[in-house]
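Novice: Quick one: structure below, then a few questions.
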Amino acid sequence: MEPVDAVDARLLQALGAEPRATVVALAERVGLARNTVQARLTRLESRGVLGDFARRIDPAALGHPLRAYVTTRVDQRRLAEVTEALARIPEVVEVVGLAGDDDLLVQVVARSADALYTIAGSVLAVPGVERTSTALVMRQLVPFRLDPLLERQAST
């Protein structure tokens with residue numbers, strides 16, 4: 001993916017500060033014409049720069065206050081099958097591929113410790129999963145953020 005330019009970075013900063021802002025309000029904030037802002041937003045969306053709104057929803061608000069990361073080693077010949085099976089577990093909110101000793105990092109959410117135990121067991125029971133290790137998130141110390149990178153990009 002091609003990096004955004006400084007103008008797009010400023011637009012993304014404004015959108016991050018006020019996610020419900022109108023195109024007119026964004027245009028005023030960044031000092032661009034409304035049509036320019038609309039065209040840039042459309043281009044950012046089509047390029048996949050703007051992610052899914054669901055990432056902004058706190059799983060605790062859905063009754064899932066616990067979060068954990070499950071490192072997973074899989075039979076490489078069954079990676080696609082494992083990934084599809086993991087996607088069918090509702091509490092699996094993200095799966096990323098890794099380099100190193102483990103193959104996948106599976107982020108899960110749970111209603112309780114007992115539910116987490118069951119979910120971790122479900123991950124381990126997926127055909128093709130060879131080994132897992134679960135780490136419970138105790139506290140989020142640095143929340144997901146892109147503002148420092150946007151600030152840097154906006155100043156280039």
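Identifiers for the structure tokens are assigned positionally: chains receive A, B, ... in sequence, residues are indexed from 1 per chain, and ligands are indexed from 1 in the order shown.
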So which residues touch A:Gln107 within 12 Å, counting only C-alpha atoms, skipping near sequence neighbours fewer than 5 positions away, as a list in words?
Specialist: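 Returned residues: Pro59, Leu66, Arg67, Ala68, Tyr69, Val70, Thr71, Thr72, Leu86, Ala87, Ile89, Pro90, Glu91, Val92, Val93, Glu94, Val95, Val96, Gly97, Leu116, Ile119, Ala120, Val123, Ser133, Thr134, Ala135, Leu136 and Val137 of chain A.
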Novice: Using N, CA, C and O atoms, can you export the residues from the last selection as a short mmCIF file (atom, residue, chain, number, x, y, z; two decimals), in the first residue's frame?
Specialist:
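Everything below was put into selection29.cif:
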data_model
loop_
_atom_site.label_atom_id
_atom_site.label_comp_id
_atom_site.auth_asym_id
_atom_site.auth_seq_id
_atom_site.Cartn_x
_atom_site.Cartn_y
_atom_site.Cartn_z
N PRO A 59 -15.18 -4.59 23.05
CA PRO A 59 -15.85 -5.88 23.30
C PRO A 59 -16.51 -5.96 24.68
O PRO A 59 -17.49 -6.68 24.86
N LEU A 66 -13.02 -9.78 29.03
CA LEU A 66 -11.70 -10.39 29.03
C LEU A 66 -11.16 -10.48 27.61
O LEU A 66 -11.89 -10.78 26.67
N ARG A 67 -9.85 -10.24 27.50
CA ARG A 67 -9.18 -10.36 26.21
C ARG A 67 -7.92 -11.18 26.43
O ARG A 67 -7.25 -11.04 27.45
N ALA A 68 -7.61 -12.01 25.44
CA ALA A 68 -6.40 -12.83 25.54
C ALA A 68 -5.81 -13.02 24.15
O ALA A 68 -6.49 -12.84 23.14
N TYR A 69 -4.53 -13.36 24.15
CA TYR A 69 -3.83 -13.69 22.91
C TYR A 69 -3.43 -15.16 22.99
O TYR A 69 -2.86 -15.60 24.00
N VAL A 70 -3.76 -15.90 21.96
CA VAL A 70 -3.44 -17.31 21.89
C VAL A 70 -2.41 -17.51 20.78
O VAL A 70 -2.74 -17.33 19.60
N THR A 71 -1.17 -17.81 21.17
CA THR A 71 -0.18 -18.14 20.15
C THR A 71 -0.42 -19.58 19.74
O THR A 71 -0.72 -20.44 20.59
N THR A 72 -0.34 -19.81 18.45
CA THR A 72 -0.77 -21.09 17.90
C THR A 72 0.25 -21.62 16.90
O THR A 72 0.69 -20.87 16.02
N LEU A 86 -10.98 -21.03 12.63
CA LEU A 86 -10.87 -19.98 13.64
C LEU A 86 -11.87 -18.85 13.37
O LEU A 86 -12.45 -18.28 14.29
N ALA A 87 -12.07 -18.53 12.10
CA ALA A 87 -13.01 -17.47 11.74
C ALA A 87 -14.45 -17.82 12.10
O ALA A 87 -15.29 -16.93 12.24
N ILE A 89 -15.29 -19.18 14.98
CA ILE A 89 -15.44 -19.04 16.44
C ILE A 89 -15.74 -17.57 16.72
O ILE A 89 -14.89 -16.70 16.49
N PRO A 90 -16.95 -17.24 17.18
CA PRO A 90 -17.35 -15.83 17.34
C PRO A 90 -16.41 -15.01 18.22
O PRO A 90 -16.22 -13.82 17.98
N GLU A 91 -15.83 -15.62 19.23
CA GLU A 91 -14.97 -14.89 20.16
C GLU A 91 -13.58 -14.62 19.62
O GLU A 91 -12.80 -13.90 20.23
N VAL A 92 -13.25 -15.20 18.48
CA VAL A 92 -11.98 -14.90 17.81
C VAL A 92 -12.19 -13.60 17.06
O VAL A 92 -12.96 -13.53 16.11
N VAL A 93 -11.51 -12.54 17.50
CA VAL A 93 -11.72 -11.23 16.90
C VAL A 93 -10.64 -10.85 15.89
O VAL A 93 -10.84 -9.94 15.08
N GLU A 94 -9.50 -11.55 15.94
CA GLU A 94 -8.43 -11.26 14.98
C GLU A 94 -7.45 -12.42 14.96
O GLU A 94 -7.18 -13.02 15.99
N VAL A 95 -6.94 -12.71 13.77
CA VAL A 95 -5.90 -13.72 13.61
C VAL A 95 -4.84 -13.14 12.68
O VAL A 95 -5.17 -12.66 11.59
N VAL A 96 -3.59 -13.16 13.12
CA VAL A 96 -2.49 -12.69 12.27
C VAL A 96 -1.44 -13.78 12.17
O VAL A 96 -1.24 -14.57 13.10
N GLY A 97 -0.79 -13.85 11.01
CA GLY A 97 0.29 -14.80 10.80
C GLY A 97 1.59 -14.24 11.35
O GLY A 97 1.83 -13.04 11.28
N LEU A 116 -13.25 -18.19 28.74
CA LEU A 116 -11.94 -18.13 28.10
C LEU A 116 -11.32 -19.52 28.02
O LEU A 116 -10.74 -19.90 27.01
N ILE A 119 -13.01 -21.30 25.20
CA ILE A 119 -12.59 -20.74 23.90
C ILE A 119 -11.19 -21.23 23.56
O ILE A 119 -10.93 -21.66 22.42
N ALA A 120 -10.27 -21.17 24.52
CA ALA A 120 -8.91 -21.66 24.28
C ALA A 120 -8.93 -23.13 23.89
O ALA A 120 -8.19 -23.57 23.00
N VAL A 123 -9.98 -23.43 20.27
CA VAL A 123 -8.87 -23.13 19.36
C VAL A 123 -7.95 -24.34 19.25
O VAL A 123 -7.58 -24.76 18.14
N SER A 133 -0.70 -21.51 23.31
CA SER A 133 -0.35 -20.93 24.61
C SER A 133 -1.19 -19.66 24.74
O SER A 133 -1.21 -18.82 23.83
N THR A 134 -1.88 -19.53 25.87
CA THR A 134 -2.80 -18.41 26.06
C THR A 134 -2.24 -17.42 27.07
O THR A 134 -1.79 -17.82 28.15
N ALA A 135 -2.28 -16.15 26.72
CA ALA A 135 -1.85 -15.08 27.61
C ALA A 135 -3.03 -14.12 27.80
O ALA A 135 -3.54 -13.55 26.84
N LEU A 136 -3.45 -13.97 29.04
CA LEU A 136 -4.55 -13.09 29.38
C LEU A 136 -4.07 -11.65 29.44
O LEU A 136 -3.02 -11.36 30.03
N VAL A 137 -4.80 -10.75 28.82
CA VAL A 137 -4.48 -9.32 28.90
C VAL A 137 -4.95 -8.83 30.27
O VAL A 137 -6.13 -8.92 30.60
#
Novice: Based on the backbone DSSP call, show me all residues of stretch 66-101 of chain A assigned strand (DSSP E or B), as a VMD selection string.
Specialist: chain A and resid 66 to 74 92 to 97
Novice: What's around stretch 48-58 of chain A at 10 Å? Count only C-alpha atoms, leave out sequence neighbours fewer than 4 positions away in its own chain, and write the answer as an NGL selection string.
Specialist: :A and (1-4 or 12 or 41-44 or 62-65 or 93 or 144)
Novice: Which one of A:Arg131, A:Ala33, A:Ala17, A:Ser46 sits closest to A:Leu146 if you count only C-alpha atoms?
Specialist: A:Ala17
Novice: Give me the residues near A:Pro127 as a list in words, where near means some atom within 9 Å (using only C-alpha atoms) and where sequence neighbours in that chain fewer than 4 positions away do not count.
Specialist: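 Listed by chain and then number, they are Val74, Asp75, Arg78, Glu81, Val82 and Ala85 of chain A.
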